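K.L.:
Supplied in C-alpha cells, the structure appears directly below.
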Amino acid sequence: MTTRFRVGELTIDRVVESEFAVLAPAEVYPDCSDAHIRRDLDWLAPRFYDRAAGKLILAFQGFVIRSGGRNIMVDTCVGDCKQRRRADFHQQRWGWLDTLRAAGFRPDDIDVVVCTHFHVDHVGWNTRLEDGRWVPTFPRARYLFVQAEWDYWRSEAGRPGRERTGDYIGDSILPVIEAGLVDFVAADHRIDPAVFMQPAPGHTPGMVCVGMQSRGERAIIVGDLLHTVLQLKHPDWSTRFCADPVRSRETRLDFLEQHADTDVLVLPAHFPAPTAGRIRRAGEAYAFRFVGED
Ligand SMILES: [Zn+2]
C-alpha cells in the first residue's frame with residue numbers, strides 16, 4: 001500500500017511493508033498498565049489496539065521523498081529472508097519491492113538511502129538476498145549513515161541489542177559499507193536545499209529526524225521519536241527499546257513542545273494509516289490529528 005503527501009514542491013510516498021497487531025502495550029512501555037489501556041479503549045480500539053490479541057497495531061514502512069529530481073528513501077523496514085529472533089520478523093516474504101514499484105520506483109531509481117536509526121525494523125531492505133549473499137538493494141544509491149549511530153552499534157554498548165534481535169548489523173549494514181556505498185555523515189547533515197537531518201538522540205544515540213521545507217510548507221519524518229499515539233497522551237513514556245529512556249523523553253518533550261499547534265506535517269515511523277498528521281495541544285498533553293481528519 002502506498003499514500004502520497006505533498007510538501008510544497010516535494011512529494012512523500014509512504015511505502016508500507018506491513019501493518020498489524022504486533023506488541024503488547026507493556027512490552028513497549030514499562031509505564032503502561034492494563035488500567036491505562038482500559039481507560040482509553042474507546043478510542044484505541046480497533047484502530048490502534050487489537051482487543052482480542054491484546055496488542056498495539058504498528059505500521060512498518062519506508063518513505064520516498066522526491067526532491068529536486070532525486071529520490072530519497074527514509075527507512076527500509078524489516079526486509080525479506082532475514083534471520084531474526086522475533087517470529088513476526090523472521091524469514092518473511094513481504095514483497096515490499098513490488099509495493100515500491102507500484103508507487104512508481106524501481107530499486108535503481110533510489111538516489112539516497114537514510115536510516116533514521118539502526119534498529120532491526122528500519123534497516124532491513126538496505127540489502128536483499130542474492131545467491132546466498134546479502135547485496136545492496138539500491139545499488140545506485142548513496143547510503144547516508146550517521147556516524148554517531150554507527151559508532152554506537154559497533155561498540156560493546158550496542159552488542160546486547162544486536163544479540164537480542166538477530167545480527168541485522170551483519171546482514172543489513174556491513175554489506176553496504178563493504179560495497180562502498182556509504183557516506184558517514186553528522187546528525188545535522190543537509191541532504192539537499194529542501195531536505196535535512198535533525199538530531200533526535202535517546203531512542204538510539206544517533207537517531208535522526210528528516211525535515212523538509214518547500215514553498216513555506218514543512219514536514220518531518222520522526223523515526224521512533226513517537227512509537228504509537230499513546231505517547232501523545234503520555235508524552236513522558238519512553239519505550240523498552242530506548243537505549244537511553246531519559247534522553248529519549250527529553251527529546252520527545254522538546255519536539256512536541258516545538259511542533260504543537262503548528263502546520264508541520266509529522267510522520268512517525270510506526271503510526272497506522274495514514275501515518276501523517278499534526279500535533280495539537282490537549283490539556284496537559286497532546287493529540288495527533290491525522291491528515292484528512294482535522
Ligand atoms: Zn522502529
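Identifiers in the C-alpha cells: chain A, B, ... in order shown; residue index from 1 per chain; ligand index from 1 in order shown.
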Within 8 Å of ligand 1, which residues of chain A show up? Give each one with its shortest atom-to-atom distance in Å (one decimal) and the two atoms involved, counting only C-alpha atoms and all ligand atoms, rows by chain then rising residue number, as a Markdown table.
P.N.:
| residue | atom | partner | partner_atom_place_in_ligand_line | distance |
| --- | --- | --- | --- | --- |
| A:Phe60 | CA | ligand 1 | 1 (Zn) | 7.6 |
| A:His119 | CA | ligand 1 | 1 (Zn) | 6.4 |
| A:Val120 | CA | ligand 1 | 1 (Zn) | 7.5 |
| A:Asp121 | CA | ligand 1 | 1 (Zn) | 5.4 |
| A:His122 | CA | ligand 1 | 1 (Zn) | 6.1 |
| A:Gly223 | CA | ligand 1 | 1 (Zn) | 6.9 |
| A:Asp224 | CA | ligand 1 | 1 (Zn) | 5.4 |
| A:His227 | CA | ligand 1 | 1 (Zn) | 7.2 |
| A:Ala269 | CA | ligand 1 | 1 (Zn) | 6.6 |
| A:His270 | CA | ligand 1 | 1 (Zn) | 6.7 |
K.L.:
Restricting it to all heavy atoms, dump the selection as a PDB file, in the first residue's frame.
P.N.:
ATOM      1  N   PHE A  60       4.896  -0.827   9.536  1.00  0.00           N
ATOM      2  CA  PHE A  60       6.327  -0.867   9.201  1.00  0.00           C
ATOM      3  C   PHE A  60       6.418  -0.391   7.761  1.00  0.00           C
ATOM      4  O   PHE A  60       5.741  -0.936   6.879  1.00  0.00           O
ATOM      5  CB  PHE A  60       6.889  -2.280   9.394  1.00  0.00           C
ATOM      6  CG  PHE A  60       6.808  -2.721  10.825  1.00  0.00           C
ATOM      7  CD1 PHE A  60       5.665  -3.353  11.304  1.00  0.00           C
ATOM      8  CD2 PHE A  60       7.840  -2.445  11.711  1.00  0.00           C
ATOM      9  CE1 PHE A  60       5.565  -3.719  12.640  1.00  0.00           C
ATOM     10  CE2 PHE A  60       7.756  -2.808  13.045  1.00  0.00           C
ATOM     11  CZ  PHE A  60       6.614  -3.445  13.510  1.00  0.00           C
ATOM     12  N   HIS A 119      17.825   0.237  14.085  1.00  0.00           N
ATOM     13  CA  HIS A 119      17.071  -0.852  14.682  1.00  0.00           C
ATOM     14  C   HIS A 119      16.605  -1.772  13.558  1.00  0.00           C
ATOM     15  O   HIS A 119      16.500  -1.366  12.399  1.00  0.00           O
ATOM     16  CB  HIS A 119      15.869  -0.327  15.480  1.00  0.00           C
ATOM     17  CG  HIS A 119      16.188  -0.033  16.921  1.00  0.00           C
ATOM     18  ND1 HIS A 119      15.397   0.765  17.721  1.00  0.00           N
ATOM     19  CD2 HIS A 119      17.228  -0.434  17.702  1.00  0.00           C
ATOM     20  CE1 HIS A 119      15.925   0.837  18.940  1.00  0.00           C
ATOM     21  NE2 HIS A 119      17.039   0.123  18.956  1.00  0.00           N
ATOM     22  N   VAL A 120      16.299  -3.003  13.973  1.00  0.00           N
ATOM     23  CA  VAL A 120      16.044  -4.093  13.035  1.00  0.00           C
ATOM     24  C   VAL A 120      14.949  -3.771  12.017  1.00  0.00           C
ATOM     25  O   VAL A 120      14.994  -4.234  10.872  1.00  0.00           O
ATOM     26  CB  VAL A 120      15.716  -5.366  13.853  1.00  0.00           C
ATOM     27  CG1 VAL A 120      14.417  -5.180  14.647  1.00  0.00           C
ATOM     28  CG2 VAL A 120      15.665  -6.592  13.011  1.00  0.00           C
ATOM     29  N   ASP A 121      13.980  -2.933  12.414  1.00  0.00           N
ATOM     30  CA  ASP A 121      12.828  -2.664  11.555  1.00  0.00           C
ATOM     31  C   ASP A 121      12.992  -1.381  10.735  1.00  0.00           C
ATOM     32  O   ASP A 121      12.033  -0.881  10.160  1.00  0.00           O
ATOM     33  CB  ASP A 121      11.552  -2.589  12.406  1.00  0.00           C
ATOM     34  CG  ASP A 121      11.688  -1.643  13.582  1.00  0.00           C
ATOM     35  OD1 ASP A 121      12.800  -1.531  14.149  1.00  0.00           O
ATOM     36  OD2 ASP A 121      10.694  -0.990  13.945  1.00  0.00           O
ATOM     37  N   HIS A 122      14.225  -0.875  10.667  1.00  0.00           N
ATOM     38  CA  HIS A 122      14.480   0.363   9.909  1.00  0.00           C
ATOM     39  C   HIS A 122      15.611   0.200   8.897  1.00  0.00           C
ATOM     40  O   HIS A 122      15.917   1.150   8.180  1.00  0.00           O
ATOM     41  CB  HIS A 122      14.807   1.518  10.873  1.00  0.00           C
ATOM     42  CG  HIS A 122      13.660   1.863  11.759  1.00  0.00           C
ATOM     43  ND1 HIS A 122      12.829   2.950  11.537  1.00  0.00           N
ATOM     44  CD2 HIS A 122      13.154   1.229  12.845  1.00  0.00           C
ATOM     45  CE1 HIS A 122      11.873   2.977  12.454  1.00  0.00           C
ATOM     46  NE2 HIS A 122      12.054   1.942  13.269  1.00  0.00           N
ATOM     47  N   GLY A 223      11.022   9.025  12.686  1.00  0.00           N
ATOM     48  CA  GLY A 223      11.523   7.727  13.137  1.00  0.00           C
ATOM     49  C   GLY A 223      10.733   7.241  14.339  1.00  0.00           C
ATOM     50  O   GLY A 223       9.506   7.305  14.354  1.00  0.00           O
ATOM     51  N   ASP A 224      11.439   6.785  15.377  1.00  0.00           N
ATOM     52  CA  ASP A 224      10.779   6.243  16.562  1.00  0.00           C
ATOM     53  C   ASP A 224      10.732   7.235  17.724  1.00  0.00           C
ATOM     54  O   ASP A 224      10.619   6.843  18.880  1.00  0.00           O
ATOM     55  CB  ASP A 224      11.481   4.953  17.012  1.00  0.00           C
ATOM     56  CG  ASP A 224      11.181   3.795  16.075  1.00  0.00           C
ATOM     57  OD1 ASP A 224      10.439   4.001  15.089  1.00  0.00           O
ATOM     58  OD2 ASP A 224      11.689   2.688  16.325  1.00  0.00           O
ATOM     59  N   HIS A 227       6.395   6.193  19.044  1.00  0.00           N
ATOM     60  CA  HIS A 227       6.113   4.840  18.548  1.00  0.00           C
ATOM     61  C   HIS A 227       4.632   4.650  18.236  1.00  0.00           C
ATOM     62  O   HIS A 227       4.270   4.015  17.263  1.00  0.00           O
ATOM     63  CB  HIS A 227       6.502   3.794  19.602  1.00  0.00           C
ATOM     64  CG  HIS A 227       7.783   3.112  19.317  1.00  0.00           C
ATOM     65  ND1 HIS A 227       8.980   3.648  19.690  1.00  0.00           N
ATOM     66  CD2 HIS A 227       8.065   1.953  18.685  1.00  0.00           C
ATOM     67  CE1 HIS A 227       9.942   2.826  19.299  1.00  0.00           C
ATOM     68  NE2 HIS A 227       9.413   1.808  18.679  1.00  0.00           N
ATOM     69  N   ALA A 269       7.317   6.780  12.285  1.00  0.00           N
ATOM     70  CA  ALA A 269       7.582   5.561  11.514  1.00  0.00           C
ATOM     71  C   ALA A 269       6.453   4.541  11.595  1.00  0.00           C
ATOM     72  O   ALA A 269       6.128   3.900  10.606  1.00  0.00           O
ATOM     73  CB  ALA A 269       8.889   4.919  11.981  1.00  0.00           C
ATOM     74  N   HIS A 270       5.868   4.389  12.786  1.00  0.00           N
ATOM     75  CA  HIS A 270       5.003   3.228  13.003  1.00  0.00           C
ATOM     76  C   HIS A 270       3.519   3.529  13.138  1.00  0.00           C
ATOM     77  O   HIS A 270       2.743   2.620  13.421  1.00  0.00           O
ATOM     78  CB  HIS A 270       5.476   2.469  14.246  1.00  0.00           C
ATOM     79  CG  HIS A 270       6.867   1.939  14.136  1.00  0.00           C
ATOM     80  ND1 HIS A 270       7.241   1.050  13.156  1.00  0.00           N
ATOM     81  CD2 HIS A 270       7.992   2.187  14.852  1.00  0.00           C
ATOM     82  CE1 HIS A 270       8.538   0.767  13.284  1.00  0.00           C
ATOM     83  NE2 HIS A 270       9.007   1.457  14.312  1.00  0.00           N
TER      84      HIS A 270
END
K.L.:
Set the distance at 12 Å and use only C-alpha atoms: which residues neighbour stretch 175-178 of chain A once local chain neighbours fewer than 3 positions away are removed? I'd like the list as number ranges by chain.
P.N.:
A: 113, 123-129, 133-145, 150, 168-172, 181-184
K.L.:
Set the distance at 6 Å and use only C-alpha atoms: which residues neighbour A:Ser248 once local chain neighbours fewer than 2 positions away are removed? I'd like the list as a list in words.
P.N.:
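Listing them by chain and then by number gives Gly202, His203, Pro245, Val246, Glu250 and Thr251 of chain A.
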K.L.:
Go ahead and save the picked residues with C-alpha atoms, as an mmCIF file, in the first residue's frame.
P.N.:
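File part21.cif, as written:
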data_model
loop_
_atom_site.group_PDB
_atom_site.id
_atom_site.type_symbol
_atom_site.label_atom_id
_atom_site.label_comp_id
_atom_site.auth_asym_id
_atom_site.auth_seq_id
_atom_site.Cartn_x
_atom_site.Cartn_y
_atom_site.Cartn_z
ATOM 1 C CA GLY A 202 17.770 8.998 23.093
ATOM 2 C CA HIS A 203 15.865 6.148 21.435
ATOM 3 C CA PRO A 245 14.983 6.383 28.138
ATOM 4 C CA VAL A 246 15.665 9.667 29.971
ATOM 5 C CA GLU A 250 13.686 14.911 26.832
ATOM 6 C CA THR A 251 13.966 14.774 23.045
#
K.L.:
Find the residue from A:Phe105, A:Trp237, A:Trp43, A:Phe255 that sits nearest to A:Arg14; use only C-alpha atoms when measuring.
P.N.:
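Closest to A:Arg14 of all the choices is A:Phe105.
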K.L.:
How many Å lie between atom CA of A:Tyr29 and atom CA of A:Glu17, rounded to one decimal?
P.N.:
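Here the two named atoms are 23.7 Å from each other.
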K.L.:
Name the residues of stretch 25-177 of chain A that fall into alpha helix (DSSP H) according to DSSP on the backbone, using the chain letters and numbers of this document, as a PyMOL selection string.
P.N.:
chain A and resi 25-28+34-44+96-102+147-153+159-165+168-172+174-177
K.L.:
Quick one: everything within 12 Å of A:Arg249, counting only C-alpha atoms, minus sequence neighbours fewer than 6 positions away in the same chain. Send it as a short mmCIF file (atom, residue, chain, number, x, y, z; two decimals) with N, CA and C atoms, in the first residue's frame.
P.N.:
data_model
loop_
_atom_site.label_atom_id
_atom_site.label_comp_id
_atom_site.auth_asym_id
_atom_site.auth_seq_id
_atom_site.Cartn_x
_atom_site.Cartn_y
_atom_site.Cartn_z
N ALA A 200 18.03 13.54 16.95
CA ALA A 200 16.95 13.21 17.89
C ALA A 200 17.43 12.10 18.81
N PRO A 201 18.48 12.35 19.58
CA PRO A 201 19.12 11.29 20.36
C PRO A 201 18.27 10.80 21.53
N GLY A 202 18.47 9.55 21.93
CA GLY A 202 17.77 9.00 23.09
C GLY A 202 17.27 7.60 22.78
N HIS A 203 16.35 7.49 21.83
CA HIS A 203 15.87 6.15 21.44
C HIS A 203 17.08 5.31 21.01
N THR A 204 17.91 5.92 20.17
CA THR A 204 19.29 5.43 19.98
C THR A 204 20.18 6.68 19.97
N ASP A 224 11.44 6.78 15.38
CA ASP A 224 10.78 6.24 16.56
C ASP A 224 10.73 7.24 17.72
N LEU A 225 10.80 8.52 17.41
CA LEU A 225 10.60 9.55 18.44
C LEU A 225 9.22 9.37 19.07
N LEU A 226 8.25 8.97 18.26
CA LEU A 226 6.92 8.57 18.73
C LEU A 226 6.65 7.18 18.16
N GLN A 231 1.79 7.92 23.09
CA GLN A 231 2.80 8.88 23.57
C GLN A 231 2.40 10.33 23.37
N LEU A 232 1.29 10.59 22.68
CA LEU A 232 0.75 11.95 22.66
C LEU A 232 0.03 12.21 23.98
N HIS A 234 0.55 10.41 26.71
CA HIS A 234 1.53 10.17 27.78
C HIS A 234 2.92 10.49 27.24
N PRO A 235 3.23 11.76 27.04
CA PRO A 235 4.49 12.12 26.37
C PRO A 235 5.74 11.75 27.16
N ASP A 236 5.58 11.45 28.44
CA ASP A 236 6.76 11.07 29.24
C ASP A 236 7.06 9.57 29.15
N TRP A 237 6.28 8.80 28.41
CA TRP A 237 6.53 7.36 28.30
C TRP A 237 7.61 7.08 27.26
N SER A 238 8.76 6.60 27.71
CA SER A 238 9.75 6.07 26.78
C SER A 238 9.50 4.58 26.62
N THR A 239 10.19 3.95 25.66
CA THR A 239 9.93 2.53 25.40
C THR A 239 11.05 1.66 25.98
N CYS A 242 14.31 1.92 24.03
CA CYS A 242 15.12 3.14 24.05
C CYS A 242 16.47 2.85 24.70
N ALA A 243 17.56 3.20 24.02
CA ALA A 243 18.90 3.00 24.58
C ALA A 243 19.07 3.87 25.82
N PHE A 255 10.41 18.08 21.26
CA PHE A 255 9.82 18.01 19.92
C PHE A 255 8.33 18.37 19.96
N LEU A 256 7.61 17.77 20.91
CA LEU A 256 6.16 18.01 20.99
C LEU A 256 5.89 19.48 21.30
#
K.L.:
From the set A:Gly54, A:Pro193, A:Gly95, A:Leu253, which residue has the shortest atom-to-atom contact distance to A:Cys81, counting only C-alpha atoms?
P.N.:
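The shortest atom-to-atom distance to A:Cys81 comes from A:Gly95.
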K.L.:
Smallest atom-to-atom distance to A:Glu257: which of A:Tyr152, A:Phe89, A:Tyr286, A:Phe241, using only C-alpha atoms?
P.N.:
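So, comparing all the options, the nearest one is A:Tyr286.
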K.L.:
Please provide as a PyMOL selection string all residues within 7 Å of A:Gly166, with the sequence filter that same-chain residues fewer than 6 positions apart are discarded (counting only C-alpha atoms).
P.N.:
chain A and resi 83-85
K.L.:
Convert the current residue selection to file output with all heavy atoms, as a PDB file, in the first residue's frame.
P.N.:
ATOM      1  N   GLN A  83      17.190 -13.580   9.110  1.00  0.00           N
ATOM      2  CA  GLN A  83      17.228 -14.475  10.261  1.00  0.00           C
ATOM      3  C   GLN A  83      17.008 -13.626  11.509  1.00  0.00           C
ATOM      4  O   GLN A  83      17.890 -12.859  11.891  1.00  0.00           O
ATOM      5  CB  GLN A  83      18.606 -15.133  10.308  1.00  0.00           C
ATOM      6  CG  GLN A  83      18.770 -16.253  11.305  1.00  0.00           C
ATOM      7  CD  GLN A  83      18.180 -17.551  10.790  1.00  0.00           C
ATOM      8  OE1 GLN A  83      17.974 -17.722   9.594  1.00  0.00           O
ATOM      9  NE2 GLN A  83      17.895 -18.461  11.707  1.00  0.00           N
ATOM     10  N   ARG A  84      15.831 -13.715  12.137  1.00  0.00           N
ATOM     11  CA  ARG A  84      15.515 -12.847  13.258  1.00  0.00           C
ATOM     12  C   ARG A  84      14.973 -13.632  14.446  1.00  0.00           C
ATOM     13  O   ARG A  84      14.350 -14.674  14.276  1.00  0.00           O
ATOM     14  CB  ARG A  84      14.466 -11.797  12.836  1.00  0.00           C
ATOM     15  CG  ARG A  84      14.951 -10.851  11.745  1.00  0.00           C
ATOM     16  CD  ARG A  84      16.046  -9.921  12.243  1.00  0.00           C
ATOM     17  NE  ARG A  84      16.505  -9.017  11.209  1.00  0.00           N
ATOM     18  CZ  ARG A  84      17.677  -9.129  10.568  1.00  0.00           C
ATOM     19  NH1 ARG A  84      18.507 -10.114  10.870  1.00  0.00           N
ATOM     20  NH2 ARG A  84      18.025  -8.259   9.658  1.00  0.00           N
ATOM     21  N   ARG A  85      15.154 -13.103  15.643  1.00  0.00           N
ATOM     22  CA  ARG A  85      14.640 -13.765  16.844  1.00  0.00           C
ATOM     23  C   ARG A  85      13.126 -13.653  16.921  1.00  0.00           C
ATOM     24  O   ARG A  85      12.440 -14.593  17.288  1.00  0.00           O
ATOM     25  CB  ARG A  85      15.246 -13.122  18.099  1.00  0.00           C
ATOM     26  CG  ARG A  85      16.732 -13.300  18.232  1.00  0.00           C
ATOM     27  CD  ARG A  85      17.071 -14.665  18.859  1.00  0.00           C
ATOM     28  NE  ARG A  85      18.424 -15.072  18.512  1.00  0.00           N
ATOM     29  CZ  ARG A  85      19.506 -14.639  19.118  1.00  0.00           C
ATOM     30  NH1 ARG A  85      19.400 -13.806  20.120  1.00  0.00           N
ATOM     31  NH2 ARG A  85      20.690 -15.031  18.740  1.00  0.00           N
TER      32      ARG A  85
END
K.L.:
Between atom CA of A:Thr275 and atom CA of A:Ala35, measure the distance and give it in Å to one decimal.
P.N.:
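Straight-line distance from atom CA of A:Thr275 to atom CA of A:Ala35 works out to 26.2 Å.
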K.L.:
When you count only C-alpha atoms, which of these residues is closest to A:Thr116: A:Asp261, A:Glu156, A:Glu130, A:Asp75?
P.N.:
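Looking only at the distances to A:Thr116, the closest residue turns out to be A:Asp75.
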K.L.:
Can you pull out the residues contacting A:Leu267? Cut-off 8 Å, using only C-alpha atoms, and skip same-chain residues under 5 positions away; I want them as an MDAnalysis selection string.
P.N.:
chainID A and resid 219:223 275:277
K.L.:
Please provide the set of residues having any atom within 9 Å of A:Met73, restricted to only C-alpha atoms, with same-chain residues fewer than 6 positions apart removed, written as a list of chain:residue names.
P.N.:
A:Gly62, A:Phe63, A:Val64, A:Ile65, A:Arg66, A:Ile110, A:Asp111, A:Val112, A:Val113, A:Val114, A:Cys115
K.L.:
Write out as JSON lines a residue-level contact list of stretch 159-267 of chain A versus stretch 290-293 of chain A with cut-off 12 Å: for each qualifying residue the closest pair of atoms and the distance in Å to one decimal, counting only C-alpha atoms, rows sorted by chain and residue number upward.
P.N.:
{"residue": "A:Val229", "atom": "CA", "partner": "A:Phe290", "partner_atom": "CA", "distance": 10.6}
{"residue": "A:Asp263", "atom": "CA", "partner": "A:Val291", "partner_atom": "CA", "distance": 11.0}
{"residue": "A:Val264", "atom": "CA", "partner": "A:Val291", "partner_atom": "CA", "distance": 11.2}
{"residue": "A:Leu265", "atom": "CA", "partner": "A:Val291", "partner_atom": "CA", "distance": 8.4}
{"residue": "A:Val266", "atom": "CA", "partner": "A:Phe290", "partner_atom": "CA", "distance": 9.2}
{"residue": "A:Leu267", "atom": "CA", "partner": "A:Phe290", "partner_atom": "CA", "distance": 9.7}
K.L.:
If you run DSSP on the backbone here, which positions in stretch 22-106 of chain A get strand (DSSP E or B)? Please write them as JSON, numbers by chain.
P.N.:
{"A": [22, 23, 49, 50, 55, 56, 57, 58, 59, 60, 61, 62, 63, 64, 65, 66, 67, 70, 71, 72, 73, 74]}
K.L.:
Counting only C-alpha atoms, figure out which residue out of A:Trp153, A:Arg164, A:Val16, A:Leu230 gets nearest to A:Ile37.
P.N.:
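The closest residue to A:Ile37 is A:Leu230.
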